[in-house]
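The structure under discussion appears below in the form of structure tokens.
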Amino acid sequence: MTCALPKKTQSQWATFARSWFLIDARMQPPGKIASMCSVRLQGKHKPIYHPLSDIGDHVVVMNTRHIAFSGNKWEQKVYSSHTGYPGSFKQLTAAQMHKKDPTAIIKLAVYGMLPKNLTRRTMMQRLHLFPDDVLPEDILKNLTEELPQPREIPRKLSEYTQEERNAFPMLWTPPEDYRMK
Amino acid sequence: MAACRALVSRAVLPLHYHHVCRGVMLTHIREKKRWMKAYTLIMERKRKMEGPPPPKPRSQQPNFDYHAEVEAFSARLQESFSLELLKTAFVNVCYLRSEEERRRALGLDLETTTLNLKDNGELCVHGQQFTKAFLSDWCRGSFPSLPQEGVAAIVGHLTGSEVMCHVARNLAVEDLTMSAEFPVPDEILQGTFFAVIGALEQSSGSVRAGLFIRDFLVTQLIVKDLFDMWKVVDPMGLLVKELTCKGIALPEPRLIRSAGASTVLPLYFVGLYSDRKLLAQGPGETVLAAEEEAARVALRKLYGFTENRRPWDYTAPHEQLQKPSAQALTSE
């Protein structure tokens with residue numbers, strides 16, 4: 001039993017413990033999610049950070065199927081790969097990649113944001129991606145904290161009530177016979 | 001000479017260079033001595049076999065004048081000791097016995113050569129009582145809510161042989177003690193230090209002695225945690241007792257945070273709430289360990305022994321210490 005440990009040991013245990021963070025990626029830009037993940041996987045959010053210390057935390061990302069690229073990136077962003085053999089240059093748009101594997105976009109984004117050294121693979125092992133919000137029980141038990149989403153999700157017009165729509169100020173009142181397209 | 005100075009800067013000297021003592025180096029530059037290598041290797045082998053030489057007391061090393069050292073001891077501590085009392089304080093019973101036996105063994109006539117030295121038994125007892133009383137008063141004064149067992153534990157720790165011997169060795173009391181064996185055993189060194197404090201009290205008064213104890217023993221508390229010195233087996237029970245005495249609601253433990261519950265290195269933070277307000281929170285490897293740590297943190301807060309408490313002001317003059325026993329009497 002660890003009950004009789006001196007105080008310094010107990011507070012050190014708390015300082016060096018590995019936390020488990022949860023991020024909901026619904027309607028979020030994958031780049032912002034990936035930068036939050038990479039900061040916590042490296043341990044840069046802790047004052048005891050050192051690149052050799054291996055004090056990164058676990059990050060669990062859910063709803064990766066529902067990420068939202070801004071602009072036309074679903075059609076314009078291209079993920080390329082080449083196995084080295086002739087004729088094996090593949091280029092996939094983000095939409096095709098997402099259809100094939102809903103976690104791949106965030107995984108590649110985080111991989112590119114981590115430091116390019118041997119610790120990167122260990123940090124990627126601590127990243128857990130789930131396409132929907134169904135999480136396995138043991139991961140649910142481990143979670144410490146949910147992080148706030150980086151982007152505020154705008155409400156759809158169908159989510160506004162009729163009162164709010166009526167209360168919204170109009171720039172000009174159209175005449176009776178004005179036809180709105 | 002430049003060549004030999006360059007060689008001296010190496011960690012291990014080459015074969016024909018010897019340090020005779022500090023500041024003197026012998027260099028066999030004229031011709032290489034053929035016996036040097038064999039001699040050096042044999043001496044090294046002998047040293048490795050026998051191990052390091054036994055420590056010699058400072059009184060048997062060169063340049064030692066006992067009277068001058070005792071005066072220097074008193075001057076170094078900026079205290080005016082009466083030198084006879086101080087010299088008596090350093091003499092132990094075992095030394096007297098061993099001296100008498102040695103004189104008897106040498107065949108000297110006991111009547112003509114009696115030792116005129118008194119031993120430090122009385123001074124030791126006196127010093128011990130004064131130190132314990134002073135430390136208890138100081139503890140009770142600076143931590144008013146600490147219970148009797150806590151005060152006794154702190155005083156016991158500070159007057160225990162580890163701390164006292166550490167302080168005594170660094171104040172050079174060990175060099176001046178006269179005892180039968182060397183290195184001086186811990187209990188004898190502790191007794192000698194108590195005797196020194198007793199001698200100080202009788203020479204300069206209890207105020208100066210109190211300041212001495214404050215400056216040398218109380219400072220040993222600086223980085224220490226309360227429960228390192230005071231072994232409490234059931235902190236939760238003690239906390240419940242304290243809170244019922246004060247009339248505050250009993251603590252309810254609640255799990256505040258957890259991390260990695262199904263891994264091999266879990267962490268739990270448990271908070272203790274009394275009447276819906278947070279008393280203290282503590283981390284732990286299991287929920288029970290975290291609850292116990294939270295109880296300890298709450299006790300530390302109650303007794304005022306936290307890490308971020310205001311440190312004791314050692315620069316203040318002795319007004320705070322004036323008649324501490326009288327203060328304790330008047331407060332009770």
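By order in the structure tokens, chains are A, B, ...; within a chain, residues start at 1; ligands start at 1, following the order shown.
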When DSSP works through the backbone of this structure, what residues of region 3-181 of chain A end up as strand (DSSP E or B), shown as an NGL selection string? :A and (20-24 or 58-62 or 78-82 or 89-93 or 127-129 or 145-146)
I need the chain A residues near chain B as an MDAnalysis selection string; criterion: at most 12 Å, counting only C-alpha atoms. chainID A and resid 1:22 57:59 136:146
Excluding Gly156 (chain B) and its own-chain neighbours fewer than 5 positions away, which residues fall within 9 Å of it when counting only C-alpha atoms? Please give them as an MDAnalysis selection string. chainID B and resid 132 151 229
Residue subset to file, keeping all heavy atoms, as a short mmCIF file (atom, residue, chain, number, x, y, z; two decimals), in the first residue's frame:
```cif
data_model
loop_
_atom_site.label_atom_id
_atom_site.label_comp_id
_atom_site.auth_asym_id
_atom_site.auth_seq_id
_atom_site.Cartn_x
_atom_site.Cartn_y
_atom_site.Cartn_z
N LYS B 132 14.91 20.94 25.79
CA LYS B 132 13.57 20.40 25.54
C LYS B 132 12.49 21.41 25.92
O LYS B 132 11.52 21.59 25.17
CB LYS B 132 13.38 19.09 26.32
CG LYS B 132 14.20 17.97 25.74
CD LYS B 132 13.66 16.60 26.06
CE LYS B 132 14.27 15.62 25.08
NZ LYS B 132 14.68 14.37 25.64
N VAL B 151 3.94 18.32 19.06
CA VAL B 151 5.04 19.08 19.67
C VAL B 151 6.11 18.13 20.16
O VAL B 151 7.32 18.33 19.93
CB VAL B 151 4.49 19.95 20.82
CG1 VAL B 151 5.63 20.60 21.58
CG2 VAL B 151 3.57 21.01 20.30
N MET B 229 8.42 13.88 10.58
CA MET B 229 8.92 13.77 11.95
C MET B 229 7.90 13.08 12.86
O MET B 229 8.27 12.40 13.79
CB MET B 229 9.18 15.17 12.50
CG MET B 229 10.17 15.92 11.66
SD MET B 229 10.50 17.54 12.29
CE MET B 229 9.08 18.42 11.75
#
```
Write out as a PyMOL selection string all residues of chain A that backbone DSSP assigns to helix (DSSP H, G or I). chain A and resi 7-15+30-42+64-66+73-76+94-100+104-113+119-125+137-142+157-159+162-167
Which value, in Å to one decimal, gives the distance between CA of His16 (chain B) and CA of Lys56 (chain B)?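 Between CA of His16 (chain B) and CA of Lys56 (chain B) the gap is 28.8 Å.
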For Arg169 (chain B), work out the shell of residues within 12 Å, counting only C-alpha atoms and skipping chain neighbours fewer than 6 positions away, then give it as a VMD selection string. chain B and resid 161 to 163 175 to 177 183 to 186 189 to 190 192 to 193
